[in-house]
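Peer 1: This one is query-v7.cif, mmCIF, C-alpha atoms.
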```
data_data
loop_
_atom_site.label_atom_id
_atom_site.label_comp_id
_atom_site.auth_asym_id
_atom_site.auth_seq_id
_atom_site.Cartn_x
_atom_site.Cartn_y
_atom_site.Cartn_z
CA VAL A 1226 12.74 -3.92 10.61
CA ALA A 1227 14.92 -5.95 8.27
CA VAL A 1228 13.32 -6.90 4.99
CA MET A 1229 14.29 -9.15 2.11
CA VAL A 1230 12.45 -9.89 -1.11
CA VAL A 1231 13.27 -12.38 -3.84
CA HIS A 1232 11.68 -12.82 -7.27
CA LEU A 1233 9.46 -9.76 -6.90
CA GLY A 1234 9.22 -8.85 -10.58
CA ARG A 1235 10.69 -6.46 -13.06
CA GLY A 1236 10.71 -2.70 -13.43
CA GLY A 1237 12.60 -0.38 -15.74
CA GLY A 1238 16.33 0.17 -15.62
CA ALA A 1239 19.16 -2.27 -15.20
CA GLY A 1240 18.17 -5.90 -15.26
CA GLY A 1241 14.54 -4.99 -15.88
CA ARG A 1242 12.35 -3.86 -18.70
CA GLU A 1243 9.03 -2.23 -19.34
CA ALA A 1244 8.02 -4.57 -22.15
CA GLU A 1245 9.27 -7.76 -23.75
CA GLY A 1246 11.91 -7.50 -26.43
CA ASP A 1247 13.82 -4.42 -25.29
CA GLU A 1248 16.76 -6.12 -23.53
CA ALA A 1249 19.15 -4.52 -26.01
CA ASP A 1250 18.26 -1.13 -24.56
CA VAL A 1251 19.08 -2.11 -20.96
CA ASP A 1252 22.12 -0.47 -19.41
CA PHE A 1253 23.24 -3.05 -16.86
CA GLY A 1254 25.62 -0.56 -15.30
CA LYS A 1255 22.79 1.63 -14.03
CA PRO A 1256 20.62 1.08 -10.94
CA ILE A 1257 17.16 -0.41 -11.38
CA ALA A 1258 14.45 2.20 -11.71
CA ASN A 1259 11.44 1.64 -9.46
CA GLY A 1260 12.90 -1.52 -7.95
CA PRO A 1261 11.98 -3.06 -4.58
CA THR A 1262 14.43 -0.88 -2.63
CA THR A 1263 12.51 2.19 -3.87
CA LYS A 1264 9.24 0.70 -2.60
CA GLY A 1265 10.09 0.26 1.06
CA PHE A 1266 12.21 -2.89 1.04
CA ASP A 1267 15.56 -2.59 2.81
CA HIS A 1268 17.19 -5.35 0.81
CA PHE A 1269 16.48 -7.20 -2.42
CA PHE A 1270 17.97 -10.30 -3.92
CA GLY A 1271 16.11 -11.86 -6.78
CA ILE A 1272 15.46 -11.91 -10.50
CA PRO A 1273 13.92 -9.26 -12.76
CA ALA A 1274 10.74 -11.19 -13.57
CA SER A 1275 9.48 -14.75 -13.90
CA LEU A 1276 12.16 -17.34 -14.58
CA ASP A 1277 10.94 -17.65 -18.18
CA MET A 1278 11.40 -13.92 -18.97
CA PRO A 1279 14.75 -12.39 -19.94
CA PRO A 1280 17.13 -10.87 -19.10
CA TYR A 1281 18.40 -13.69 -16.92
CA VAL A 1282 20.40 -12.00 -14.18
CA TYR A 1283 20.44 -11.86 -10.39
CA ILE A 1284 19.74 -8.50 -8.80
CA GLU A 1285 21.32 -7.51 -5.49
CA ASP A 1286 19.53 -4.49 -4.04
CA ASP A 1287 19.39 -2.25 -7.13
CA ARG A 1288 22.08 -3.67 -9.44
CA PRO A 1289 22.77 -6.88 -11.38
CA THR A 1290 25.41 -9.16 -9.87
CA ALA A 1291 26.84 -9.76 -13.37
CA VAL A 1292 26.36 -8.49 -16.91
CA PRO A 1293 24.87 -10.94 -19.47
CA ASP A 1294 27.47 -12.46 -21.77
CA HIS A 1295 25.53 -15.18 -23.61
CA VAL A 1296 22.06 -16.23 -24.75
CA THR A 1297 20.12 -19.23 -23.43
CA ARG A 1298 17.28 -21.13 -25.10
CA ASP A 1299 14.52 -23.35 -23.75
CA ARG A 1300 13.99 -27.10 -24.21
CA GLY A 1301 10.62 -28.83 -23.91
CA MET A 1302 8.81 -28.37 -20.60
CA ALA A 1303 11.79 -26.35 -19.46
CA PHE A 1304 10.28 -23.42 -21.31
CA TRP A 1305 11.80 -20.00 -21.14
CA ARG A 1306 12.04 -17.18 -23.64
CA GLU A 1307 15.34 -16.88 -25.43
CA GLY A 1308 17.37 -14.05 -23.99
CA PRO A 1309 20.60 -12.62 -22.59
CA THR A 1310 22.00 -14.50 -19.61
CA ALA A 1311 24.65 -13.61 -17.02
CA PRO A 1312 27.62 -15.93 -16.40
CA ASP A 1313 26.49 -16.60 -12.80
CA PHE A 1314 22.93 -17.49 -13.84
CA VAL A 1315 21.84 -21.11 -14.39
CA HIS A 1316 18.08 -21.63 -14.58
CA GLU A 1317 18.15 -24.95 -12.73
CA GLU A 1318 20.00 -23.38 -9.80
CA VAL A 1319 17.78 -20.34 -9.25
CA LEU A 1320 15.26 -21.94 -6.86
CA LEU A 1321 18.10 -23.37 -4.78
CA ASN A 1322 19.99 -20.08 -4.67
CA LEU A 1323 16.94 -18.00 -3.75
CA THR A 1324 16.00 -20.46 -1.02
CA GLU A 1325 19.48 -20.37 0.44
CA ARG A 1326 19.47 -16.57 0.43
CA ALA A 1327 16.09 -16.46 2.18
CA CYS A 1328 17.26 -18.88 4.88
CA GLN A 1329 20.52 -16.97 5.38
CA PHE A 1330 18.55 -13.77 5.80
CA ILE A 1331 16.29 -15.33 8.45
CA GLU A 1332 19.29 -16.65 10.38
CA ALA A 1333 21.05 -13.28 10.24
CA ASN A 1334 17.98 -11.40 11.48
CA LYS A 1335 16.53 -13.87 13.98
CA ASP A 1336 16.87 -11.39 16.85
CA ASP A 1337 14.87 -8.62 15.15
CA PRO A 1338 11.42 -8.34 13.55
CA PHE A 1339 11.60 -9.06 9.83
CA PHE A 1340 9.45 -9.58 6.77
CA VAL A 1341 10.55 -11.94 4.01
CA TYR A 1342 8.60 -11.91 0.77
CA PHE A 1343 9.64 -15.05 -1.10
CA PRO A 1344 7.68 -15.60 -4.35
CA LEU A 1345 8.90 -18.98 -5.58
CA PRO A 1346 9.87 -19.41 -9.23
CA ALA A 1347 8.26 -22.88 -8.95
CA PRO A 1348 6.24 -24.63 -10.13
CA HIS A 1349 6.00 -21.88 -12.77
CA THR A 1350 7.77 -22.38 -16.10
CA PRO A 1351 10.47 -23.32 -16.77
CA ILE A 1352 9.63 -26.71 -15.27
CA ILE A 1353 13.10 -27.80 -14.21
CA PRO A 1354 13.25 -30.12 -11.18
CA THR A 1355 16.77 -30.91 -10.04
CA ALA A 1356 18.17 -34.45 -10.25
CA GLU A 1357 17.20 -35.13 -6.62
CA PHE A 1358 13.49 -34.87 -7.49
CA GLN A 1359 13.36 -36.11 -11.08
CA GLY A 1360 11.04 -39.11 -11.41
CA LYS A 1361 10.05 -39.01 -7.75
CA SER A 1362 6.42 -37.88 -8.10
CA GLY A 1363 5.23 -40.73 -10.28
CA THR A 1364 3.63 -38.22 -12.66
CA ASN A 1365 5.82 -36.00 -14.84
CA ALA A 1366 8.38 -33.22 -14.53
CA TYR A 1367 5.70 -30.84 -13.26
CA GLY A 1368 4.84 -33.19 -10.42
CA ASP A 1369 8.53 -33.54 -9.63
CA PHE A 1370 8.88 -29.75 -9.58
CA CYS A 1371 5.96 -29.51 -7.15
CA LEU A 1372 7.79 -31.93 -4.85
CA GLN A 1373 10.86 -29.73 -5.01
CA MET A 1374 8.72 -26.69 -4.19
CA ASP A 1375 7.35 -28.51 -1.14
CA ALA A 1376 10.89 -29.28 -0.02
CA THR A 1377 11.81 -25.62 -0.52
CA VAL A 1378 9.01 -24.47 1.77
CA GLY A 1379 10.08 -27.13 4.26
CA ARG A 1380 13.64 -25.80 4.20
CA VAL A 1381 12.43 -22.30 5.11
CA MET A 1382 10.21 -23.61 7.90
CA GLN A 1383 13.06 -25.71 9.28
CA THR A 1384 15.19 -22.58 9.38
CA LEU A 1385 12.53 -20.77 11.40
CA GLU A 1386 12.38 -23.71 13.79
CA SER A 1387 16.16 -23.89 14.22
CA CYS A 1388 16.16 -20.17 15.01
CA GLY A 1389 13.44 -20.58 17.63
CA LEU A 1390 10.98 -18.46 15.64
CA THR A 1391 8.21 -20.96 14.96
CA ASP A 1392 5.58 -19.84 17.49
CA ASN A 1393 5.60 -16.10 16.89
CA THR A 1394 6.25 -16.03 13.13
CA ILE A 1395 3.40 -15.87 10.63
CA VAL A 1396 4.05 -18.11 7.62
CA ILE A 1397 1.69 -17.66 4.67
CA PHE A 1398 1.81 -20.04 1.70
CA ALA A 1399 -0.35 -19.55 -1.38
CA ALA A 1400 -0.44 -19.90 -5.14
CA ASP A 1401 -1.31 -16.94 -7.33
CA ASN A 1402 -3.50 -18.76 -9.87
CA GLY A 1403 -4.56 -22.18 -11.08
CA CYS A 1404 -2.32 -24.71 -12.78
CA SER A 1405 -0.82 -23.83 -16.15
CA PRO A 1406 -1.47 -25.99 -19.25
CA ARG A 1407 2.32 -26.20 -19.50
CA ALA A 1408 2.05 -28.90 -16.85
CA ASP A 1409 0.62 -31.21 -19.57
CA LEU A 1410 -2.83 -31.53 -18.06
CA THR A 1411 -3.86 -34.34 -20.43
CA HIS A 1412 -0.97 -36.52 -19.30
CA LEU A 1413 -1.64 -35.78 -15.65
CA ALA A 1414 -5.35 -36.61 -16.09
CA ALA A 1415 -4.44 -39.97 -17.64
CA LEU A 1416 -2.51 -40.70 -14.44
CA GLY A 1417 -5.53 -39.77 -12.32
CA HIS A 1418 -4.22 -36.39 -11.22
CA LEU A 1419 -6.40 -33.33 -11.81
CA PRO A 1420 -4.63 -30.12 -10.70
CA SER A 1421 -7.92 -28.21 -10.87
CA TYR A 1422 -9.80 -31.00 -9.04
CA HIS A 1423 -13.47 -30.80 -10.15
CA PHE A 1424 -13.30 -27.10 -10.99
CA ARG A 1425 -13.54 -25.90 -14.56
CA GLY A 1426 -10.59 -24.30 -16.32
CA HIS A 1427 -7.06 -23.49 -15.31
CA LYS A 1428 -4.60 -20.61 -15.18
CA ALA A 1429 -5.71 -17.52 -17.15
CA ASP A 1430 -9.40 -18.52 -17.18
CA ILE A 1431 -12.36 -16.78 -15.56
CA TYR A 1432 -13.55 -20.15 -14.25
CA GLU A 1433 -12.92 -21.47 -10.73
CA GLY A 1434 -9.99 -23.63 -11.85
CA GLY A 1435 -8.15 -20.43 -12.66
CA HIS A 1436 -8.66 -18.84 -9.25
CA ARG A 1437 -9.24 -21.41 -6.49
CA ILE A 1438 -5.85 -21.75 -4.87
CA PRO A 1439 -4.24 -23.23 -1.76
CA LEU A 1440 -3.88 -20.81 1.15
CA LEU A 1441 -2.17 -22.08 4.27
CA VAL A 1442 -1.31 -19.94 7.28
CA ARG A 1443 0.79 -21.03 10.28
CA TRP A 1444 0.98 -18.85 13.38
CA PRO A 1445 0.96 -20.92 16.58
CA ASP A 1446 0.69 -17.83 18.80
CA GLY A 1447 -2.36 -16.57 16.92
CA ILE A 1448 -4.07 -19.44 15.10
CA LYS A 1449 -5.30 -22.67 16.63
CA PRO A 1450 -3.54 -25.60 14.93
CA GLY A 1451 -5.67 -27.65 12.56
CA THR A 1452 -8.22 -24.88 12.04
CA THR A 1453 -9.98 -24.81 8.68
CA CYS A 1454 -12.58 -22.43 7.27
CA ASP A 1455 -14.64 -22.38 4.08
CA GLU A 1456 -15.07 -18.60 4.09
CA THR A 1457 -14.25 -16.97 0.74
CA VAL A 1458 -11.12 -14.85 1.03
CA CYS A 1459 -8.73 -13.26 -1.45
CA LEU A 1460 -4.99 -12.69 -1.50
CA VAL A 1461 -5.60 -8.94 -1.57
CA ASP A 1462 -6.90 -9.40 1.98
CA LEU A 1463 -3.44 -10.10 3.34
CA MET A 1464 -2.57 -6.40 3.50
CA ALA A 1465 -5.56 -5.44 5.66
CA THR A 1466 -5.07 -8.57 7.76
CA VAL A 1467 -1.44 -7.88 8.60
CA ALA A 1468 -2.18 -4.18 9.10
CA GLU A 1469 -4.77 -5.06 11.76
CA ILE A 1470 -2.39 -7.45 13.50
CA LEU A 1471 0.33 -4.78 13.58
CA GLY A 1472 -2.06 -1.99 14.57
CA VAL A 1473 -1.38 -0.03 11.38
CA GLU A 1474 -4.16 2.19 10.06
CA LEU A 1475 -4.51 2.14 6.28
CA GLY A 1476 -5.58 5.27 4.44
CA ASP A 1477 -8.53 5.46 2.07
CA ASP A 1478 -6.17 5.25 -0.89
CA SER A 1479 -4.47 2.06 0.33
CA ALA A 1480 -5.68 -1.53 -0.09
CA GLU A 1481 -9.09 -0.42 -1.36
CA ASP A 1482 -10.21 -4.02 -1.94
CA SER A 1483 -8.58 -5.61 1.10
CA VAL A 1484 -10.66 -7.09 3.94
CA SER A 1485 -9.03 -8.16 7.19
CA ASN A 1486 -9.11 -11.92 7.67
CA VAL A 1487 -8.37 -11.73 11.40
CA PRO A 1488 -11.89 -13.03 12.24
CA VAL A 1489 -11.16 -16.11 10.12
CA TRP A 1490 -7.73 -16.62 11.64
CA SER A 1491 -9.29 -16.30 15.09
CA GLY A 1492 -11.66 -19.21 14.58
CA CYS A 1493 -14.12 -18.47 11.75
CA ASP A 1494 -17.04 -17.85 14.09
CA LEU A 1495 -18.77 -15.31 11.82
CA SER A 1496 -22.32 -14.01 11.96
CA SER A 1497 -22.11 -12.76 8.36
CA PRO A 1498 -19.79 -13.28 5.36
CA LEU A 1499 -16.38 -11.69 5.70
CA ARG A 1500 -16.44 -10.24 2.18
CA GLU A 1501 -19.46 -8.73 0.49
CA ALA A 1502 -18.26 -10.15 -2.83
CA THR A 1503 -15.07 -11.19 -4.60
CA VAL A 1504 -13.96 -9.89 -8.00
CA HIS A 1505 -11.34 -11.43 -10.25
CA SER A 1506 -10.44 -11.35 -13.92
CA SER A 1507 -9.20 -13.56 -16.72
CA VAL A 1508 -6.09 -13.04 -18.82
CA ASN A 1509 -8.00 -10.99 -21.42
CA GLY A 1510 -9.32 -8.64 -18.73
CA SER A 1511 -12.83 -10.05 -18.36
CA PHE A 1512 -14.29 -9.59 -14.87
CA SER A 1513 -16.30 -11.91 -12.70
CA ILE A 1514 -17.97 -11.22 -9.36
CA ARG A 1515 -18.94 -13.82 -6.78
CA LYS A 1516 -21.36 -13.20 -3.94
CA GLY A 1517 -22.33 -16.17 -1.82
CA ARG A 1518 -23.40 -19.03 -4.05
CA TRP A 1519 -23.68 -16.90 -7.20
CA LYS A 1520 -20.94 -16.01 -9.68
CA LEU A 1521 -21.47 -13.66 -12.63
CA GLU A 1522 -18.87 -13.77 -15.42
CA MET A 1523 -18.72 -10.86 -17.85
CA CYS A 1524 -17.63 -12.91 -20.86
CA PRO A 1525 -19.17 -15.65 -23.03
CA GLY A 1526 -16.38 -18.20 -22.52
CA SER A 1527 -13.21 -18.77 -20.51
CA GLY A 1528 -11.73 -15.34 -21.19
CA GLY A 1529 -8.46 -17.24 -21.17
CA TRP A 1530 -6.76 -20.36 -22.54
CA SER A 1531 -9.33 -23.14 -22.19
CA TYR A 1532 -12.33 -23.80 -24.43
CA PRO A 1533 -14.24 -21.74 -25.32
CA LYS A 1534 -11.45 -19.23 -25.79
CA PRO A 1535 -12.11 -15.55 -26.57
CA ASP A 1536 -13.49 -15.15 -30.11
CA ASP A 1537 -14.01 -18.94 -30.31
CA GLU A 1538 -17.31 -19.21 -28.43
CA PRO A 1539 -20.25 -21.09 -30.01
CA VAL A 1540 -22.53 -18.92 -32.13
CA GLY A 1541 -25.44 -17.61 -30.12
CA SER A 1542 -23.76 -17.95 -26.73
CA PRO A 1543 -24.94 -15.38 -24.18
CA PRO A 1544 -22.23 -12.75 -23.72
CA ILE A 1545 -22.24 -13.33 -19.94
CA GLN A 1546 -22.50 -16.34 -17.65
CA LEU A 1547 -24.15 -16.96 -14.27
CA TYR A 1548 -23.46 -20.02 -12.15
CA ASP A 1549 -24.87 -21.31 -8.88
CA LEU A 1550 -21.68 -22.62 -7.30
CA ASN A 1551 -23.57 -24.45 -4.56
CA ALA A 1552 -25.43 -26.59 -7.09
CA ASP A 1553 -22.94 -26.45 -9.98
CA VAL A 1554 -19.40 -25.91 -8.72
CA SER A 1555 -18.02 -27.15 -12.06
CA GLU A 1556 -19.75 -24.27 -13.87
CA GLN A 1557 -21.50 -26.39 -16.49
CA ARG A 1558 -25.01 -24.85 -16.52
CA ASN A 1559 -25.26 -21.18 -17.38
CA VAL A 1560 -28.43 -19.92 -15.67
CA VAL A 1561 -28.15 -16.32 -16.85
CA ASN A 1562 -31.61 -16.47 -18.44
CA ASP A 1563 -33.20 -18.12 -15.39
CA ARG A 1564 -32.23 -15.61 -12.69
CA PRO A 1565 -32.37 -12.06 -14.07
CA ASP A 1566 -32.75 -10.80 -10.51
CA ILE A 1567 -29.33 -12.19 -9.52
CA VAL A 1568 -27.79 -10.93 -12.75
CA ASP A 1569 -29.06 -7.41 -12.05
CA GLU A 1570 -27.86 -7.50 -8.44
CA LEU A 1571 -24.34 -8.64 -9.29
CA ARG A 1572 -24.08 -6.38 -12.33
CA ASP A 1573 -24.99 -3.35 -10.24
CA LEU A 1574 -22.59 -4.36 -7.47
CA LEU A 1575 -19.68 -4.87 -9.88
CA THR A 1576 -20.46 -1.58 -11.58
CA SER A 1577 -20.47 0.25 -8.26
CA TYR A 1578 -17.06 -1.19 -7.40
CA VAL A 1579 -15.64 0.07 -10.67
CA LYS A 1580 -17.22 3.52 -10.36
CA ASN A 1581 -16.13 3.91 -6.73
CA GLY A 1582 -12.64 2.54 -7.32
CA ARG A 1583 -13.04 0.20 -4.35
CA SER A 1584 -15.08 -2.69 -2.92
CA THR A 1585 -14.73 -1.72 0.75
CA PRO A 1586 -16.23 1.19 2.72
CA GLY A 1587 -14.38 4.47 2.32
CA ALA A 1588 -13.92 7.46 0.08
CA ALA A 1589 -14.21 6.83 -3.66
CA GLN A 1590 -10.91 6.40 -5.47
CA PRO A 1591 -9.91 6.98 -9.09
CA ASN A 1592 -10.07 4.03 -11.44
CA THR A 1593 -8.03 3.79 -14.63
CA GLY A 1594 -10.21 1.12 -16.25
CA PRO A 1595 -13.33 1.60 -18.40
CA LEU A 1596 -16.65 2.30 -16.71
CA HIS A 1597 -18.66 0.45 -19.35
CA TRP A 1598 -18.64 -3.07 -20.79
CA PRO A 1599 -20.24 -4.19 -24.09
CA GLN A 1600 -22.04 -6.92 -22.12
CA LEU A 1601 -24.10 -4.24 -20.38
CA ASN A 1602 -25.79 -3.48 -23.71
CA TRP A 1603 -27.01 -7.07 -23.86
CA LEU A 1604 -28.22 -6.93 -20.27
CA ASN A 1605 -30.12 -3.72 -20.95
CA GLU A 1606 -31.69 -5.22 -24.08
CA GLN A 1607 -32.79 -8.28 -22.12
CA ALA A 1608 -34.35 -6.05 -19.48
CA LEU A 1609 -36.32 -4.12 -22.12
CA GLU A 1610 -37.60 -7.34 -23.71
CA SER A 1611 -38.81 -8.65 -20.38
#
```
For this file, write the structure as structure tokens.

Peer 2:
Amino acid sequence: VAVMVVHLGRGGGAGGREAEGDEADVDFGKPIANGPTTKGFDHFFGIPASLDMPPYVYIEDDRPTAVPDHVTRDRGMAFWREGPTAPDFVHEEVLLNLTERACQFIEANKDDPFFVYFPLPAPHTPIIPTAEFQGKSGTNAYGDFCLQMDATVGRVMQTLESCGLTDNTIVIFAADNGCSPRADLTHLAALGHLPSYHFRGHKADIYEGGHRIPLLVRWPDGIKPGTTCDETVCLVDLMATVAEILGVELGDDSAEDSVSNVPVWSGCDLSSPLREATVHSSVNGSFSIRKGRWKLEMCPGSGGWSYPKPDDEPVGSPPIQLYDLNADVSEQRNVVNDRPDIVDELRDLLTSYVKNGRSTPGAAQPNTGPLHWPQLNWLNEQALES
């Protein structure tokens, strides 16, 4: 099995770092510690982290292709953190170069099974559409960058088609979170474009706008074209899904929160929900749990970047939130005081997931996070009062 990965993310060692601000301590002559080639990937070409995080170098397998020799600085929406940059690294060219590498890899391995993990550095910051796409969206640079991202995905799919791999290749496209405020959401709204649609919040928030994302899957040999499904799924489910397709048995200590989506891919004819519940968190580490129509949020506000931000909530706000997403998908009416039965049910379910180190059947696993939240004190007090 030939494997390639681009833009996977940083680790320690050459071209990577454990925390921001320590680029001066990087020895670019040494191999990357804990890089993709130490985690099962046969080949790696990519960048150490997001395109807005230094050092700005390309990594081939476990070494930088060049040593940084200058510093680059951001400009406006083209935001990136100031940092050391290699002579062969130009921010505006990274998406093009990674796309070309991915397509070359597919062409070179078309006669063998392969897995390509291609996390796009777009439309993440820096927002830097090339001249071909500038001004083409009718919105702003972020819209133009989204158009370029679409073209990038199209280029990969065209490569699969030209290699005769369309029917038996699974192509999965998804975002990892909601739209960032760096897109200038106010300007986009004035133009009639709402990246979060009617959902509240955006990237980093506990609200639906931070977590509802596009997920498209193409597999002509396994999925009927044009199929849609409103079943709640999560990106962590991809591991169990692919494992089932490949006939790989996962151990108790692997993919503890992953649920196979094969029933959904096969037609979404389900007698019961695929997932018992779905847990996610905001940028400050606040949890939420959704089961069916109900969503419990273990924080008084967004837990992220939109109002009310952490430590900026109105005085007297309940420390947790409960929303009926069937009746209030925009999360405007907190019904935490109206449905204590639902609050108790979801609280206990979330607590069990944390204590068991998993949300799927199997042996309990260790969990490095806390087993107690301050919000539980409030819940217990409310129960005593009632």

Peer 1: Return as a tab-separated table the residues of range 1369-1432 of chain A lying at most 10 Å from range 1453-1464 of chain A, together with the closest atom-to-atom pair for each and the distance in Å to one decimal, counting all atoms listed in the file, with rows in chain order and ascending residue number.

Peer 2:
```
residue	atom	partner	partner_atom	distance
A:Ile1397	CA	A:Leu1463	CA	9.2
A:Ala1399	CA	A:Leu1460	CA	8.3
A:Ala1400	CA	A:Leu1460	CA	9.3
A:Asp1401	CA	A:Leu1460	CA	8.1
```

Peer 1: Tell me which of A:Thr1593, A:Ser1491, A:Ser1513, A:Thr1364 sits closest to Lys1449 in chain A, counting all atoms listed in the file.

Peer 2: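 Using all atoms listed in the file, the shortest distance to Lys1449 in chain A belongs to A:Ser1491.
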
Peer 1: Just give me the gap between CA of Glu1469 in chain A and CA of Glu1481 in chain A in Å, one decimal is fine.

Peer 2: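 Atom-to-atom, CA of Glu1469 in chain A to CA of Glu1481 in chain A, that is 14.6 Å.
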
Peer 1: Residues picked by the PyMOL selection byres ((chain A and resi 1348) around 7) here, as an mmCIF file with C-alpha atoms, in the coordinates of the input?

Peer 2:
```cif
data_model
loop_
_atom_site.group_PDB
_atom_site.id
_atom_site.type_symbol
_atom_site.label_atom_id
_atom_site.label_comp_id
_atom_site.auth_asym_id
_atom_site.auth_seq_id
_atom_site.Cartn_x
_atom_site.Cartn_y
_atom_site.Cartn_z
ATOM 1 C CA PRO A 1346 9.870 -19.410 -9.230
ATOM 2 C CA ALA A 1347 8.260 -22.880 -8.950
ATOM 3 C CA HIS A 1349 6.000 -21.880 -12.770
ATOM 4 C CA THR A 1350 7.770 -22.380 -16.100
ATOM 5 C CA ILE A 1352 9.630 -26.710 -15.270
ATOM 6 C CA TYR A 1367 5.700 -30.840 -13.260
ATOM 7 C CA PHE A 1370 8.880 -29.750 -9.580
ATOM 8 C CA CYS A 1371 5.960 -29.510 -7.150
ATOM 9 C CA MET A 1374 8.720 -26.690 -4.190
#
```

Peer 1: For each of A:Gly1368, A:Asp1337, A:Asn1393, A:Leu1385, take the minimum atom-to-atom distance to Leu1413 in chain A, counting all atoms listed in the file, then give the residue where this is smallest.

Peer 2: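 The closest residue to Leu1413 in chain A is A:Gly1368.
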
Peer 1: Could you tell me how far CA of Phe1269 in chain A sits from CA of Ile1284 in chain A, in Å to one decimal place?

Peer 2: 7.3 Å

Peer 1: What's around Pro1312 in chain A at 8 Å? Count all atoms listed in the file, leave out sequence neighbours fewer than 4 positions away in its own chain, and write the answer as a PDB file with C-alpha atoms, in the frame of the given file.

Peer 2:
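Result file is out.pdb:
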```
ATOM      1  CA  ALA A1291      26.840  -9.760 -13.370  1.00  0.00           C
ATOM      2  CA  VAL A1292      26.360  -8.490 -16.910  1.00  0.00           C
ATOM      3  CA  PRO A1293      24.870 -10.940 -19.470  1.00  0.00           C
ATOM      4  CA  ASP A1294      27.470 -12.460 -21.770  1.00  0.00           C
ATOM      5  CA  HIS A1295      25.530 -15.180 -23.610  1.00  0.00           C
TER       6      HIS A1295
END
```

Peer 1: For Thr1585 in chain A, which residue among A:Cys1493, A:Gln1546, A:Trp1519, A:Asp1477 is the nearest when counting all atoms listed in the file?

Peer 2: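 Nearest to Thr1585 in chain A: A:Asp1477.
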
Peer 1: Quick one: residues within 8 Å of range 1375-1384 of chain A, all atoms listed in the file counted, chain neighbours fewer than 2 positions away excluded, as a JSON list (two decimals) with C-alpha atoms, in the coordinates of the input?

Peer 2:
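Everything below was put into selection-v9.json:
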```json
[["chain", "number", "residue", "atom", "x", "y", "z"],
["A", 1321, "LEU", "CA", 18.10, -23.37, -4.78],
["A", 1324, "THR", "CA", 16.00, -20.46, -1.02],
["A", 1327, "ALA", "CA", 16.09, -16.46, 2.18],
["A", 1328, "CYS", "CA", 17.26, -18.88, 4.88],
["A", 1331, "ILE", "CA", 16.29, -15.33, 8.45],
["A", 1332, "GLU", "CA", 19.29, -16.65, 10.38],
["A", 1371, "CYS", "CA", 5.96, -29.51, -7.15],
["A", 1372, "LEU", "CA", 7.79, -31.93, -4.85],
["A", 1373, "GLN", "CA", 10.86, -29.73, -5.01],
["A", 1386, "GLU", "CA", 12.38, -23.71, 13.79],
["A", 1387, "SER", "CA", 16.16, -23.89, 14.22],
["A", 1388, "CYS", "CA", 16.16, -20.17, 15.01],
["A", 1391, "THR", "CA", 8.21, -20.96, 14.96]]
```

Peer 1: Counting only C-alpha atoms, which of A:Gly1517, A:Pro1289, A:Gly1271, A:Gly1363 gets nearest to Leu1345 in chain A?

Peer 2: A:Gly1271

Peer 1: Nearest residue to Glu1317 in chain A out of A:Gly1301, A:Pro1351, A:Pro1586, A:Gly1541, using all atoms listed in the file?

Peer 2: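 Closest to Glu1317 in chain A, using all atoms listed in the file: A:Pro1351.
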
Peer 1: Which one of A:Ile1514, A:Glu1474, A:Lys1264, A:Val1341 sits closest to Thr1576 in chain A if you count all atoms listed in the file?

Peer 2: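 That would be A:Ile1514, the residue with the smallest distance to Thr1576 in chain A.
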
Peer 1: How would you write as a count of residues only the residues that get within 6 Å of (-8.4, -16.1, -20.1) in the file's frame, counting all atoms listed in the file?

Peer 2: 9
